[in-house]
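Novice: Dropping the structure in here first, questions after.
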Amino acid sequence: MRRGRHSLPTRAIGAEDGFALASVMFLGAVMILLSAIIVMRGMGQSDLDVNDAEWEQALHVAEGGMDDFLAELVLVSDPDAVDTGHTASQLSDKDAIIGAAEALAVSDPSSVRSTPDGEVVVLKPSDDSIIYAVGFTPDLGTAGRKARVIEIDYDYSAKRTPNFGAKHALLSGGTIELDSASSGIYDPSGKKNASVHANGKLSKHKNFTLEGCAVSLDDLSTVGENCPDPSTIIFEQIPDVDPLVVHDLATYDLCEGGIVKAASAGTAPCAGSYVGAVSGVSAKMVQGVWEWTLSKTPPSGVYYVDGGNIDIKTAAKDGMRDITVIAATVNDDPKCLNSASTGNIYVSSGALVTSHSSASGLTLVAQGDVKFRGGATVEGLIMAHEQINFQGGTGTGGAVIAEDYCDHPKSPVTGVSSVSGGAGITYGGSISTPFEGYSDELELAIFGRDEV
């Protein structure tokens, strides 16, 4: 039989065709397996996403619980009143903290704070200034719940105020000596409230006149009248006596090179225009330091010494001088590290000085010492970053503050602030200063916030 021209050839199914069929079936099985793996991975990723979300939520819950607790703590002057009965040793690590939070939740259900994202328990040991907030998601009772811990360190400190009030006749951050029988601190009101406070030690001559009470924090001691219980004596906050803070008050800048320049608010010291010679104002270089002098009848105003020392040598015959004097150290030296002692104010015998009318009662401000040579009268507030010495018939009506931050080894007043040799301070009542200070109120201060 003859085949037609277009007939297809035929043959029997052999081994090659069986192999092809098996390959197709294998590939199909692989595709099914891959599809199953993808589905399983998708479901696993979904679980991971949920876990990640709950982990993040636990942190937010802890943060929110901490913020709420701090808001409550601000209203409490005694932080021990809100402790949770734990000690710091019971909360030594994360597991211990979480365990303590769980136990507190059982013993005191009111300790659990609920939020839309979970629950939080706050712990505060009674013997340490630490607070822990433990956030749980979705909640404490769910198996496998997530827990994260936030920790803060805190303390209470005196609340800062824009204007420090000088409420003592004499206040020092260090030691005070009330020496000699002819000296005294007086209260013209007759109420004997001319108080003296030393954060350090205090000594008083037995015949020193004191119309009020003098206290020493270092010794927890009192002497005089109207004194508090020694056990209630506290550390008195003293503002940082930084002349730059009050430069805006200045009328004249006394600058390097013996040059006088015009000062104005909002400008740096010695950035103004050259003034030229000013009556009663002179300067000379002494051992590398510019020493300024105010004598006879210098113009009324506020004098700012930008690195150097100044001596007020006006005399009684020149009359009361309406001046305020501010002296800054060379290169701003608050830690007394310069090779030379600068920022000092001397007041010579016979000088009569009252605060300039623009200075709100501020008369002398020194980043170094204030030293009276004797027989002068100064009215108003006197402040020094280091120490102050009154001696020899000096009288001052106002308040006196010696920060006693440091003591330059070459400074004119060494180690202590003192009243001696017939000097007297007449207390005129509390005076507001332009320096940032502290009130008797306490405020919450946070020193660190971290995850445990």
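Letters for chains follow the order of the structure tokens (A, B, ...), residue numbers begin at 1 for each chain, and ligand numbers begin at 1 in the order shown.
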Within 10 Å of Pro228 (chain A), counting only C-alpha atoms, which residues show up once you throw out same-chain ones fewer than 6 positions away? Write them as a PyMOL selection string, please.
Specialist: chain A and resi 213-215+221-222
Novice: Would you output that residue set with N, CA and C atoms, as a compact mmCIF listing (two decimals), in the first residue's frame?
Specialist:
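Dumped to part-v7.txt:
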```
# COMPACT_ATOMS: atom_id res chain seq x y z
N CYS A 213 20.20 86.63 113.32
CA CYS A 213 20.76 85.30 113.54
C CYS A 213 21.77 84.96 112.45
N ALA A 214 22.85 84.31 112.87
CA ALA A 214 23.85 83.80 111.93
C ALA A 214 23.86 82.29 112.01
N VAL A 215 23.84 81.62 110.84
CA VAL A 215 23.80 80.16 110.84
C VAL A 215 24.92 79.61 109.98
N SER A 221 24.99 75.01 113.10
CA SER A 221 25.01 75.82 114.32
C SER A 221 24.36 77.16 114.06
N THR A 222 23.90 77.79 115.15
CA THR A 222 23.30 79.12 115.06
C THR A 222 23.84 79.98 116.19
```
Novice: When you count only C-alpha atoms, which of these residues is closest to Ile98 (chain A): A:Tyr156, A:Phe235, A:Phe136, A:Phe69?
Specialist: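 Nearest candidate to Ile98 (chain A) out of A:Tyr156, A:Phe235, A:Phe136, A:Phe69: A:Phe136.
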Novice: Can you pull out every residue within 10 Å of Tyr186 (chain A), counting only C-alpha atoms, but drop anything in the same chain fewer than 4 positions away, and send it as a list in words?
Specialist: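 Counting only the stated atoms, we get Ala169, Gly190, Lys191, Lys192, Asn193, Ala194, Ser195, Thr209, Leu210, Glu211, Gly212, Gly397, Gly424, Ile425, Thr426, Tyr427 and Gly428 of chain A.
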Novice: If DSSP is run on the backbone, what residues of region 161-400 of chain A are strand (DSSP E)? A reply as a ChimeraX atom specification would be ideal.
Specialist: /A:161,165-166,170-172,176-178,184-186,196-198,202-204,209-210,213-216,221-224,252-255,259-262,281-286,289-295,301-306,309-313,321-328,345-347,352-354,362-366,370-372,377-379,381-384,388-390,395-398,400
Novice: Would you pick out the contacts of region 364-371 of chain A at 7 Å or less, using only C-alpha atoms, so that residues sharing its chain but fewer than 3 positions from it are not included, and give the list as a PyMOL selection string?
Specialist: chain A and resi 241-243+324-329+342-347+381-390+411-413
Novice: Write to file, as a short mmCIF file (atom, residue, chain, number, x, y, z; two decimals), in the first residue's frame, the residues of the selection just made, with N, CA and C atoms.
Specialist:
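Final file, out.cif:
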```
data_model
loop_
_atom_site.label_atom_id
_atom_site.label_comp_id
_atom_site.auth_asym_id
_atom_site.auth_seq_id
_atom_site.Cartn_x
_atom_site.Cartn_y
_atom_site.Cartn_z
N VAL A 241 27.49 84.38 89.92
CA VAL A 241 27.79 85.81 89.77
C VAL A 241 28.65 86.00 88.51
N ASP A 242 27.99 86.09 87.39
CA ASP A 242 28.63 86.22 86.08
C ASP A 242 28.38 87.64 85.56
N PRO A 243 29.41 88.47 85.51
CA PRO A 243 29.23 89.86 85.09
C PRO A 243 28.59 90.00 83.71
N THR A 324 27.49 102.33 89.42
CA THR A 324 27.54 100.88 89.62
C THR A 324 28.79 100.38 88.91
N VAL A 325 29.52 99.48 89.56
CA VAL A 325 30.77 98.98 89.00
C VAL A 325 30.68 97.46 88.86
N ILE A 326 31.00 96.97 87.65
CA ILE A 326 30.96 95.54 87.33
C ILE A 326 32.34 95.16 86.79
N ALA A 327 32.96 94.12 87.36
CA ALA A 327 34.31 93.74 86.93
C ALA A 327 34.34 92.28 86.52
N ALA A 328 34.80 92.03 85.27
CA ALA A 328 34.92 90.66 84.75
C ALA A 328 36.39 90.26 84.67
N THR A 329 36.65 88.98 84.80
CA THR A 329 38.02 88.48 84.71
C THR A 329 38.49 88.47 83.25
N THR A 342 42.17 88.71 88.37
CA THR A 342 41.47 89.85 87.76
C THR A 342 39.99 89.79 88.15
N GLY A 343 39.24 90.80 87.71
CA GLY A 343 37.83 90.87 88.06
C GLY A 343 37.60 91.31 89.49
N ASN A 344 38.60 91.98 90.11
CA ASN A 344 38.49 92.42 91.50
C ASN A 344 38.08 93.88 91.59
N ILE A 345 37.32 94.20 92.64
CA ILE A 345 36.91 95.58 92.92
C ILE A 345 37.45 95.98 94.28
N TYR A 346 38.19 97.09 94.33
CA TYR A 346 38.67 97.67 95.58
C TYR A 346 37.87 98.93 95.88
N VAL A 347 37.56 99.16 97.15
CA VAL A 347 36.87 100.39 97.56
C VAL A 347 37.75 101.06 98.60
N LEU A 381 23.30 96.59 96.64
CA LEU A 381 23.65 95.16 96.63
C LEU A 381 25.10 94.98 96.17
N ILE A 382 25.84 94.17 96.93
CA ILE A 382 27.24 93.87 96.61
C ILE A 382 27.36 92.37 96.38
N MET A 383 27.96 91.96 95.25
CA MET A 383 28.06 90.54 94.91
C MET A 383 29.46 90.22 94.39
N ALA A 384 29.96 89.04 94.78
CA ALA A 384 31.27 88.59 94.30
C ALA A 384 31.20 87.12 93.96
N HIS A 385 31.90 86.74 92.88
CA HIS A 385 32.01 85.33 92.50
C HIS A 385 32.94 84.60 93.47
N GLU A 386 33.89 85.34 94.04
CA GLU A 386 34.80 84.74 95.02
C GLU A 386 34.41 85.20 96.43
N GLN A 387 35.23 86.03 97.08
CA GLN A 387 34.97 86.42 98.47
C GLN A 387 34.86 87.94 98.61
N ILE A 388 34.38 88.37 99.79
CA ILE A 388 34.22 89.80 100.09
C ILE A 388 34.80 90.07 101.47
N ASN A 389 35.55 91.19 101.58
CA ASN A 389 36.13 91.58 102.86
C ASN A 389 35.73 93.02 103.20
N PHE A 390 35.07 93.19 104.36
CA PHE A 390 34.75 94.52 104.87
C PHE A 390 35.67 94.79 106.05
N SER A 411 44.46 86.41 94.66
CA SER A 411 43.39 87.39 94.83
C SER A 411 43.57 88.17 96.13
N PRO A 412 42.97 89.37 96.23
CA PRO A 412 43.18 90.21 97.41
C PRO A 412 42.49 89.71 98.68
N VAL A 413 41.46 88.88 98.54
CA VAL A 413 40.78 88.31 99.70
C VAL A 413 41.02 86.80 99.68
#
```
Novice: Could you give me, as number ranges by chain, the residues within 12 Å of region 111-114 of chain A, counting only C-alpha atoms and dropping anything in the same chain fewer than 4 positions from it?
Specialist: A: 61-62, 64-66, 68-69, 82-84, 100-107, 118-124, 133-141
Novice: Residues within 12 Å of Ser349 (chain A), please, as a short mmCIF file (atom, residue, chain, number, x, y, z; two decimals) with C-alpha atoms, in the first residue's frame. Count only C-alpha atoms; anything in the same chain fewer than 4 positions from it doesn't count.
Specialist:
```
data_model
loop_
_atom_site.label_atom_id
_atom_site.label_comp_id
_atom_site.auth_asym_id
_atom_site.auth_seq_id
_atom_site.Cartn_x
_atom_site.Cartn_y
_atom_site.Cartn_z
CA SER A 295 38.57 109.10 91.33
CA ASP A 311 39.78 100.76 92.48
CA ILE A 312 37.08 103.21 93.57
CA LYS A 313 39.01 106.14 95.03
CA THR A 314 36.38 108.83 95.18
CA ALA A 315 36.51 110.81 98.43
CA ALA A 316 33.87 112.04 100.85
CA LYS A 317 34.48 115.62 99.74
CA VAL A 353 28.93 105.17 96.42
CA LYS A 371 37.84 94.29 99.05
CA PHE A 372 37.20 97.38 101.19
CA ARG A 373 40.28 99.25 102.30
CA GLY A 374 38.37 100.96 105.14
CA GLY A 375 36.21 103.99 105.88
CA ALA A 376 33.97 103.78 102.80
CA THR A 377 30.18 103.81 102.49
CA VAL A 378 28.43 101.78 99.80
CA PHE A 390 34.75 94.52 104.87
CA GLN A 391 37.13 96.29 107.20
CA GLY A 392 38.07 99.59 108.80
CA GLY A 393 34.94 101.64 109.36
CA THR A 394 33.23 100.52 106.18
CA GLY A 395 29.45 100.81 106.10
CA ALA A 423 32.96 97.66 109.48
#
```
Novice: Please identify the helix (DSSP H, G or I) residues within region 229-439 of chain A (assignment by DSSP from backbone atoms) and present them as a count of residues only.
Specialist: 16
Novice: Would you work out the distance separating CA of Ile238 (chain A) from CA of Ser129 (chain A), expressed in Å to one decimal?
Specialist: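 Rounded to one decimal, the two atoms are 24.4 Å apart.
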Novice: Of the candidates A:Ser348, A:Ser110, A:Thr175, A:Ser430, which one gets nearest to Lys201 (chain A) if we count only C-alpha atoms?
Specialist: A:Thr175
